[in-house]
Every structure is written in C-alpha cells, then in structure tokens.
Amino acid sequence: MNYPVWDVPVIGSGLVIAIIAVIHILISHFAIGGGLFLAMTETKALREGRRDWLDRLRKHSKFFLVLTGVYGAMTGVGIWFSIGLANPEGTSTLIHNFVFAWAAEWVVFLVELSLAAAYYYTWGRIPDKTHEKIGWLYAFTSFLTLFIINGILTFKLTPGPEWLALAGTGREAEAFFQAFFNDGFWPSLGLRSLACVSLAGIWSLVFFSRIDRETDGEVKIQLIRWSAKWLLPAFLLMPFFFAWYLLMVPGEHRDLMTLGMSTIGSGAFTQVTRMALITLMTTATIGLVTYFLAWLNPRDFSFGHGVSLLFLALIATAGAEGTREMLRKPFVVSGYLYSNSNRLADVPRKNAEGYLARSPWNPDRGDRPTVRTGERMFQGQCLSCHTVDGYRSMRKLLHGRDGKAIGNILQMLHENAPDSPYRKFMPPLVGTPAEIEALRQYLDILVNGKLTSPIVDPSAKAVPDSVKVDTLAAPAIDTAKKDSAAPAVRDTSRSTAPAAKDSARI
Amino acid sequence: MTDPIHILPALDPLPIPAPVALFKFLHHLTLGLHFGALQLLLGGLVLATIWNIVGHASGSRSAIGASGTVAKKLTIVTTYVVNFGVPPLLFAQILYGQALYTSSVLIGAWWIAVVFLILIAYALLYRMTTLADAGRPWWHWGVVSFTLLALVGRVFSTNMTLMLTPEVWSTMYASNPSGTDLPPTDPTMWPRFAVMFLGAFSLGALGTSLWSHLSSVADDARVFLRRWSAISAIVFLPLLGAAGSWALDSQPESVRAALMGGTGATLAYAWVGSIALAFVAALALLATSRSRSALAPILGSVAGTTAIGLWTVLRDMVRDLTLAPKGLDVWATPVATNWVVVGIFLFSLVAGLVLLGWLVSVVARATPLEKNHV
C-alpha cells in the first residue's frame with residue numbers, strides 16, 4: 001500500500017471512474033465522429049447547393065461546440081482526476097510510460113478546440129472553402145486525439161512482450177513504440193472509430209429531430225436520413241473488428257468471457273459476458289429503432305425518439321467499456337500491475353516481508369499486526385473493487401460465513417493456485433500469515449460484528465496471541481476480545497467450498 | 001508525529017522519460033499560460049459582473065456594453081484555462097507524483113468535485129453570453145459562476161499546500177479515508193489563494209482592457225472598460241504586492257532563508273518590479289482611458305505576464321525547498337530518456353503552434369457578423 005486508498009462509500013471508486021467515463025465517451029466519441037460529420041455534411045451541402053442544410057449545420061455546430069467543448073472536455077479531465085484518485089499507482093505507471101503521448105494529445109486537443117470554436121464563430125464570415133478546410137482540419141485533429149489515447153488505453157490489456165521484458169529494469173522507455181502500437185491497437189482503433197461515426201449519427205438524429213416537420217418537413221427528411229446512414233458502417237464492420245479485437249486479447253483474459261459463455265446454460269455466466277451481451281442487444285435495438293423510426297419515418301422522428309436512441313447508446317457504451325475493463329482483470333496493466341496496485345514482480349517480496357512492511361500507511365509499523373493492520377489490508381487490497389455495504393459489498397459477499405470460513409477464502413486467495421476459480425479475475429492476496437490473519441479478524445468483525453473463531457496465526461500456532469486484537473471500532477473490539485477465546489459459534493461447513501457462485505458474482 | 005521522510009510513498013519504479021530540467025521548463029511554461037488565462041477569467045468575470053449589476057441598476061449603456069464585451073469572451077478564455085491547466089498538472093504528476101497523488105486522495109471528494117464545479121461554472125458562462133446577446137441582465141449567473149470558481153481555487157490552493165506537508169497526511173487519512181474533509185488551513189494556504197485572486201483583480205483586469213480595442217466595442221463602452229479596468233488594477237496591485245510579501249513571510253524560516261539567499265531573491269525583486277510596472281501601466285491606462293491607444297493595455301499585459309511567469313517560478317522554488325528536506329528531491333529523480341519520443345512531442349508542439357497561427361490569421365481576417373451571408 002504505497003498510496004492512501006480513496007474510500008468511496010456505497011459505490012466505490014471504480015464506479016466513480018465508470019460513471020464519468022461512460023458520459024465522457026458518449027460525448028468525446030461524438031466530438032471525433034461529429035467532426036467528420038460536420039465536414040462531410042458541409043462539403044456535400046456546398047457541392048449540392050443545399051443552403052438550407054448549411055443553416056441547420058451552423059446551429060448544429062454551436063450545439064457541438066458547447067457539448068464537446070464544455071461537457072466533453074471537462075468529463076475528460078474528470079476521468080483523469082478519478083483514475084488518479086482511485087488508482088494512483090496505475091495512473092503513475094501510465095503517465096511515466098506515456099507522458100509525451102499525453103502531452104502530444106494535449107497539443108492536438110488545444111488545436112482541436114480552437115478549430116471547433118473557429119468553425120462555429122466563422123460561419124459566413126470567411127470564404128466557404130476556408131471554412132470547409134477548418135472543418136476537415138478539425139476532423140483530422142480530433143481523430144488524432146483518438147489515435148493517441150487509443151495507444152495508451154490498449155496498452156493496459158496488451159502491453160506486449162517487449163515492454164514486459166523491460167518492465168522493472170528502468171529501460172521501459174526503450175519499448176515505447178512497441179507498447180503504444182501494441183496488439184490491441186489497430187482493432188481497437190477500428191472499433192472506436194466506428195463507434196465515433198455511429199455516435200455522430202445518433203447525436204445528429206437527436207439534434208435534427210427538433211426540426212419542425214410542418215414548416216421544414218423536406219429538410220428534416222433529408223437530414224434525418226443522412227444522419228441515419230452514419231450508423232451503417234458500424235453495423236457492417238463492427239463484427240469484423242470485434243472478432244479481430246478478441247483474437248488479440250491474451251488467452252487468460254479471453255478465458256473470462258469464454259467461461260461466461262460456457263456457463264450461460266447454468267445461469268452462472270460472468271459479468272464480462274453479461275456486459276458483452278447487453279452491448280450486443282442494445283446495439284441491435286439501436287439498429288432496429290434507427291431503421292424503423294428514422295429511416296422509414298424520418299418526418300415523424302421526434303426528439304423523444306432521438307433521446308431514446310441516445311439512452312440505448314449510453315447503455316451500449318457502458319456495456320462495451322465495462323467489457324473492456326473487466327477483460328483486463330485481475331490487472332490494471334496485464335502481466336505487470338494488479339488492479340489493487342500490487343506489482344506482479346513484488347508479490348514474493350511482499351509475501352515474505354509483509355504487504356505493509358514498507359508502506360507509509362502501516363498503522364503498526366515496527367510492531368506486530370493488529371486489526372488496524374487488517375483494516376489497512378482491506379483498504380489496500382480489497383477496496384479497489386469492493387465496498388463495505390454497496391457495490392460488490394463485502395458484507396454481502398461474506399454474509400453467513402464465520403471467521404474460519406473467511407480465513408479459508410483468504411487463504412485460497414493468497415495461494416492463488418492455478419485451478420482457483422478466483423484467479424481469473426481477482427489478484428492474489430498478498431502479505432505475511434500474520435497480516436492475513438489480521439485481515440481475517442477485521443473481516444470477521446466487519447461481517448459478523450465480533451470474532452466468531454479463535455485468533456490463530458497460521459504460521460506460528462505456538463504463539464496464538466501474536467496478533468493483538470485491537471481495532472478502531474472500540475465496542476466491537478471489546479466483544480471480540482471477549483469472544484475470541486470462545487469456539488466458533490457458526491457452522492463452518494462452507495469454509496472449504498471455493499464459492500463457485502461468487503466467481504460469477506464478482 | 002510521524003517522521004515525514006517515512007510517510008512519502010515510494011517513487012514509481014519507472015524512470016521519468018526526459019530530463020527533470022525539460023519537465024520543469026514545460027511545467028513552468030504551461031503553468032504560466034494557465035495562470036495567465038485563469039487571472040483573465042477571474043478578473044474579467046468579477047469586473048463584468050459588477051458592471052452588469054451597475055449597468056442594469058443605473059441604466060448605463062456603457063457599463064452594460066463593457067460587461068457584455070467581456071462576458072462574451074469568457075467562454076473561450078475558460079476553454080484555454082482548462083486546456084492550459086492539463087499539462088502542468090500532468091508534469092507535476094511526473095515530478096511530484098509521490099506527494100501530489102497522496103494529497104489529492106486525502107481530499108478526494110473535493111478534488112473530484114472540482115470537475116463538476118468547473119463544469120457548472122463553465123456552462124453558466126455560456127448562459128451569460130446568451131443573455132448578454134439578448135441584452136438581458138445576467139449578473140446573478142456571474143455571481144454563481146465566480147463563487148464556484150472561487151471554491152475551485154480554494155480546493156486547488158489546499159491541494160498544492162497539502163502536497164507540501166506530508167507530516168499531516170497520516171493523521172488525515174486515519175480520520176477520513178473518503179477525503180471529504182478540506183483540512184484546516186496551513187499558514188501558507190491563504191497567502192497562496194490571495195496572490196492568485198488579487199492577481200486576477202489587478203493583472204487580470206489589465207488584461208481585460210485589451211478587449212476594449214475590438215472593433216465591435218462602442219466608444220462609450222470602450223472608455224468605461226479602460227477606466228474601470230485601470231481603477232481595479234490601481235486598487236488591487238498594492239494589495240497583490242502585500243499578498244506576495246505575506247506568502248513569503250508565511251513560509252517556514254528554513255524555506256524563506258533558502259529562497260531569499262539564492263536566485264529566489266532576484267526573482268522576488270523582479271516580481272515586485274513587474275508589479276510596479278503594471279501599476280504604472282494602470283495609471284497610464286486611466287489617464288488615457290478616452291484614447292484609442294493600445295500602449296497602456298499592452299504594457300500592462302506584458303508586465304502582468306512577466307509577474308505571473310516570475311510567480312510561477314518562485315512558487316516552484318518554494319515547493320522544491322519545502323519538499324527536499326522531507327525526502328522528495330525532484331532533481332534526484334531517475335531519468336531514462338527516449339529522445340525520439342521527446343522529439344515527436346516537440347514536433348507536434350511546433351506543428352500545433354503553426355496551425356494555431358494560421359487559424360488566428362484566418363479569424364482575424366473574418367468579416368464582422370453583420371455581413372453574414374449564410
């Protein structure tokens with residue numbers, strides 16, 4: 001535990017990122033696809049002499065500027081802030097590796113924002129050709145931002161053997177280009193580009209749906225149909241890019257999805273598979289709604305229809321991003337950094353000397369672990385994915401288990417055996433036996449309100465009091481102290497079961 | 001109290017990918033740009049809001065005109081405040097990540113709230129522009145927007161101060177791991193805040209006077225804008241100087257002595273000199289408020305930009321002097337440079353500036369909106 005862990009009650013820090021990210025992606029992908037939409041539509045309108053289109057497009061570009069410039073830009077900053085809070089170690093890794101990629105993206109973004117503002121503010125004030133040029137430059141620079149950020153995002157799942165070989169040597173910068181143009185780069189760029197184009201169509205459908213069908217029926221029909229066409233490339237090409245993307249996903253990560261598929265029949269499929277299915281179903285629904293409501297009945301396409309499509313796109317985006325994030329489990333950077341900020345290479349050392357041995361946040365430094373140590377273990381190794389009472393609630397997940405059963409689960413997570421059902425999506429529990437015992441006690445008190453089984457240090461049974469019972473919650477400690485000598489009061493029959501059901505829930 | 005050296009998180013095992021000096025240079029450059037835009041935004045927002053109140057209360061067309069002129073520019077200024085704010089924070093994370101990530105987590109709820117506070121303040125600026133275009137009062141939104149931005153300033157000042165005080169981290173984290181506390185003020189926090197905001201009302205005000213030269217500004221609004229920008233600067237520049245002195249005095253003795261014993265003293269006196277020059281420019285602007293001369297606004301903006309740049313460097317020196325004895329010596333950070341990557345970034349920077357230059361020339365040649373033919 002190198003950095004303090006941001007404890008967000010109920011929703012957890014991961015969901016903070018997810019909520020901001022989904023909104024950001026819905027807007028930022030429009031910022032990219034929308035740039036192409038504006039440029040192409042203006043070119044088409046000028047070539048075909050449709051001045052009525054240009055008037056609508058000018059208004060569209062203001063909507064575009066405010067939406068992407070204010071909400072898109074700020075939610076982008078929001079993702080950066082939230083990942084820095086939720087996972088400083090992972091953020092630091094990415095920034096150390098890609099700081100100049102990010103800096104270059106900033107330069108491009110600076111130009112992009114300026115072009116977007118100039119595009120709107122110069123309608124009718126500069127020659128048409130120059131205005132068109134600004135539009136196309138915007139489209140190009142906005143795509144460039146996607147190109148750059150895509151390299152950083154895909155690195156996390158597929159950092160590549162060259163970078164991993166150098167990881168920890170201090171020579172990681174030598175593999176910058178291999179890390180950037182990693183195996184997932186091109187299929188992901190294809191998928192995201194298609195998403196950008198289709199989101200440009202969806203947002204434009206929302207915007208043009210407000211054209212009055214009585215007074216401007218003809219232009220509404222034209223622009224609604226033109227916008228609807230923008231969804232076509234995604235429906236034609238996405239399956240191809242998705243298959244390519246899956247092929248590039250490392251086998252151990254792909255297993256998470258295939259595990260879910262193979263257990264659909266028993267109803268125990270994994271979250272990642274569920275999310276992928278949600279994306280698939282909502283995408284199909286978007287296709288049907290667009291065809292029947294927008295393409296066949298463009299004149300009657302209402303604002304409510306447009307917003308409904310946007311809502312479906314929001315769900316599809318959330319599902320797709322959730323799938324991508326889940327596929328990476330149990331890592332933040334596959335093969336290098338676990339989702340709870342433990343580096344793969346550090347696990348043996350931390351198991352030997354202690355998870356908190358070098359931590360600035362160790363409450364019992366230089367002393368034997370206490371329940372306070374257990375709390376820090378929980379914060380450092382569990383809170384990145386779990387909460388106490390809300391999202392992936394630890395109390396619910398461990399409900400009905402006594403101290404011994406909790407200890408067995410922790411031991412299984414610690415051993416991280418190749419056949420462990422948790423291994424595919426949970427990082428190993430790291431620490432000395434005494435630290436793990438402290439965590440067991442903390443969780444026992446958290447879940448059961450008191451210690452339900454005797455205090456045992458598995459590595460030193462001869463000194464069963466090697467773990468002092470002491471906690472921040474004073475009343476619970478007193479109870480725990482009193483009960484600690486009592487035999488286990490609950491049925492521990494579940495203690496050895498590897499909780500296959502949980503594997504689907506987590 | 002825990003020994004602060006042992007409360008610092010371990011350095012990231014990845015070396016930084018360019019020399020510290022290069023990151024420092026880029027950090028200073030972009031942070032200076034950010035501060036400049038920020039002071040223009042805050043100063044412009046306060047002045048324009050007050051003018052809007054006065055204008056609508058007294059029926060003064062010149063006040064309403066001047067307030068509208070400034071208000072309509074604030075959305076685009078905010079775009080650059082946000083955009084220029086990104087790289088300095090990025091480079092600060094590279095150089096001072098051990099301290100900055102930690103302090104951010106310790107006030108996590110406030111730190112993430114910053115995003116939403118700015119978002120609302122930013123959206124309100126667009127609302128103000130719409131109302132200003134319609135000739136309707138908008139000052140109430142200006143008050144709300146400024147209040148939100150002031151709160152953002154408080155959070156930033158707190159975080160930038162908290163990252164320098166690892167000795168309080170452990171206690172803070174033990175008492176509140178959710179980061180909902182904005183800690184009790186460190187003696188250096190309010191001076192930091194004061195310099196930024198008094199700078200906005202003085203140097204930022206001088207910057208707004210440049211907008212009086214836009215062709216779309218009516219004569220009476222131009223005179224009003226120049227006069228009251230100058231008065232604001234004249235009133236607040238001495239206070240800014242005092243706040244600078246307060247900021248220095250509030251530093252621990254060891255930091256103050258080290259700063260004033262080296263090049264910091266030269267920079268500090270240069271800062272005072274640039275403030276004095278800005279004051280002279282403000283007097284000249286007041287004296288020539290009825291003229292169309294751009295000399296005083298330009299002189300004031302140059303002096304203001306210099307002051308902001310010097311303050312940026314001084315602030316960074318204070319950070320290094322404070323953190324080094326606590327275990328974070330930024331100059332000792334391991335470096336492994338990939339010059340090809342650095343070169344690509346520098347190329348993108350130059351290409352971006354060229355493109356921006358072209359864009360500015362296009363916009364400058366654009367015809368006024370009245371000649372709109374679309």
# chains A, B, ... in the order shown; residues from 1 in each chain; ligands from 1

$ closest_atom_pairs --of "chain A" --to "chain B" --cutoff "8 Å" --atoms "only C-alpha atoms" --output "tab-separated table"
residue	atom	partner	partner_atom	distance
A:Asn2	CA	B:Pro9	CA	5.1
A:Tyr3	CA	B:Pro9	CA	6.0
A:Pro4	CA	B:Thr102	CA	6.4
A:Val5	CA	B:Pro177	CA	7.0
A:Trp6	CA	B:Ser178	CA	5.6
A:Asp7	CA	B:Ser178	CA	4.6
A:Val8	CA	B:Ser178	CA	5.7
A:Pro9	CA	B:Ser178	CA	7.6
A:Arg51	CA	B:Val374	CA	7.5
A:Leu54	CA	B:Val374	CA	7.3
A:Asp55	CA	B:Val374	CA	6.6
A:Gly69	CA	B:Thr79	CA	7.2
A:Val70	CA	B:Leu119	CA	6.6
A:Tyr71	CA	B:Leu119	CA	6.8
A:Met74	CA	B:Leu119	CA	6.1
A:Thr75	CA	B:Val115	CA	7.3
A:Val77	CA	B:Val115	CA	7.0
A:Gly78	CA	B:Val115	CA	5.6
A:Phe81	CA	B:Ile112	CA	6.3
A:Ser82	CA	B:Ile112	CA	6.5
A:Gly84	CA	B:Tyr101	CA	6.5
A:Leu85	CA	B:Val105	CA	5.3
A:Pro88	CA	B:Tyr101	CA	6.0
A:Glu89	CA	B:Asp12	CA	7.7
A:Ser92	CA	B:Asp12	CA	6.9
A:Thr93	CA	B:Leu14	CA	7.1
A:Ile95	CA	B:Ile94	CA	6.9
A:His96	CA	B:Ile16	CA	5.7
A:Asn97	CA	B:Pro17	CA	7.3
A:Val99	CA	B:Leu90	CA	7.5
A:Phe100	CA	B:Phe345	CA	6.0
A:Ala101	CA	B:Phe345	CA	7.2
A:Ala103	CA	B:Pro87	CA	6.5
A:Ala104	CA	B:Phe345	CA	5.2
A:Trp106	CA	B:Pro87	CA	7.2
A:Val107	CA	B:Leu349	CA	6.0
A:Val108	CA	B:Gly352	CA	6.6
A:Leu110	CA	B:Asn83	CA	6.5
A:Val111	CA	B:Gly352	CA	6.2
A:Leu113	CA	B:Thr79	CA	7.8
A:Ser114	CA	B:Leu356	CA	7.5
A:Leu115	CA	B:Leu359	CA	7.4
A:Ala117	CA	B:Ile76	CA	7.9
A:Ala118	CA	B:Val363	CA	6.9
A:Thr122	CA	B:Ala366	CA	6.7
A:Trp123	CA	B:Val374	CA	7.2
A:Gly124	CA	B:Asn372	CA	4.9
A:Arg125	CA	B:Thr367	CA	4.9
A:Ile126	CA	B:Ala366	CA	5.2
A:Ala167	CA	B:Leu14	CA	7.9
A:Gly168	CA	B:Pro13	CA	6.6
A:Gly170	CA	B:Leu14	CA	5.7
A:Arg171	CA	B:Ala336	CA	6.7
A:Glu172	CA	B:Leu14	CA	7.0
A:Ala173	CA	B:Asn338	CA	5.9
A:Glu174	CA	B:Asn338	CA	6.4
A:Phe176	CA	B:Val341	CA	7.9
A:Ser359	CA	B:Pro9	CA	7.2
A:Pro360	CA	B:Ile7	CA	4.5
A:Trp361	CA	B:Ser170	CA	6.8

$ select_by_dssp --residues "segment 225-459 of chain A" --states "strand (DSSP E or B)" --output "PyMOL selection string"
chain A and resi 331-333+337-338+343+370+387+393

$ write_last_selection --atoms "N, CA and C atoms" --output "short mmCIF file (atom, residue, chain, number, x, y, z; two decimals), in the first residue's frame"
data_model
loop_
_atom_site.label_atom_id
_atom_site.label_comp_id
_atom_site.auth_asym_id
_atom_site.auth_seq_id
_atom_site.Cartn_x
_atom_site.Cartn_y
_atom_site.Cartn_z
N PHE A 331 -5.84 -7.44 -13.67
CA PHE A 331 -4.74 -6.46 -13.80
C PHE A 331 -5.25 -5.07 -14.15
N VAL A 332 -4.42 -4.08 -13.86
CA VAL A 332 -4.58 -2.76 -14.45
C VAL A 332 -3.71 -2.71 -15.70
N VAL A 333 -2.49 -3.20 -15.56
CA VAL A 333 -1.62 -3.41 -16.72
C VAL A 333 -1.29 -4.89 -16.73
N LEU A 337 0.86 -4.98 -13.36
CA LEU A 337 0.29 -4.33 -12.17
C LEU A 337 -1.13 -4.83 -11.94
N TYR A 338 -1.36 -5.40 -10.76
CA TYR A 338 -2.71 -5.88 -10.43
C TYR A 338 -3.66 -4.70 -10.16
N ARG A 343 2.32 -4.86 -7.68
CA ARG A 343 3.03 -5.27 -8.90
C ARG A 343 3.28 -6.77 -8.84
N THR A 370 -2.14 -5.73 14.06
CA THR A 370 -3.37 -5.68 14.83
C THR A 370 -4.54 -5.65 13.85
N THR A 387 -16.80 -2.60 -1.94
CA THR A 387 -17.14 -1.64 -0.89
C THR A 387 -17.59 -2.44 0.33
N SER A 393 -20.54 -5.50 -2.36
CA SER A 393 -20.46 -5.37 -0.91
C SER A 393 -19.74 -6.54 -0.25
#

$ atom_distance --atom1 "atom CA of His34 of chain B" --atom2 "atom CA of Leu198 of chain B"
16.0 Å

$ residues_around --residues "Gly390 of chain A" --least-positions-apart "3" --cutoff "12 Å" --atoms "only C-alpha atoms" --output "PDB file with C-alpha atoms, in the first residue's frame"
ATOM      1  CA  ASP A   7     -12.676   5.059   0.189  1.00  0.00           C
ATOM      2  CA  VAL A   8     -15.887   5.959  -1.629  1.00  0.00           C
ATOM      3  CA  PRO A   9     -18.772   4.533   0.377  1.00  0.00           C
ATOM      4  CA  VAL A  10     -21.539   2.563  -1.355  1.00  0.00           C
ATOM      5  CA  ILE A  11     -20.449   2.992  -4.986  1.00  0.00           C
ATOM      6  CA  GLY A  12     -16.687   2.542  -4.677  1.00  0.00           C
ATOM      7  CA  SER A  13     -14.007   4.470  -6.505  1.00  0.00           C
ATOM      8  CA  LEU A  15     -17.774   3.208 -10.252  1.00  0.00           C
ATOM      9  CA  LEU A 383     -11.339  -1.501  -1.768  1.00  0.00           C
ATOM     10  CA  CYS A 385     -13.025  -3.390  -6.406  1.00  0.00           C
ATOM     11  CA  HIS A 386     -15.264  -3.799  -3.339  1.00  0.00           C
ATOM     12  CA  THR A 387     -17.136  -1.638  -0.890  1.00  0.00           C
ATOM     13  CA  SER A 393     -20.456  -5.366  -0.907  1.00  0.00           C
ATOM     14  CA  MET A 394     -18.011  -7.280   1.236  1.00  0.00           C
ATOM     15  CA  ARG A 395     -20.645  -7.761   3.897  1.00  0.00           C
ATOM     16  CA  LYS A 396     -22.997  -9.369   1.369  1.00  0.00           C
ATOM     17  CA  LEU A 397     -20.325 -11.463  -0.297  1.00  0.00           C
TER      18      LEU A 397
END

$ closest_residue --among "A:Phe177, A:Tyr442, A:Phe37, A:Trp186" --to "Phe140 of chain A" --atoms "only C-alpha atoms"
A:Phe37

$ atom_distance --atom1 "atom CA of Leu344 of chain A" --atom2 "atom CA of Leu164 of chain A"
11.1 Å

$ residues_around --residues "segment 236-253 of chain B" --least-positions-apart "5" --cutoff "9 Å" --atoms "only C-alpha atoms" --output "NGL selection string"
:B and (187-192 or 194-199 or 201-203 or 231 or 258 or 268 or 271-272 or 275-276 or 278-279 or 311 or 318 or 322)
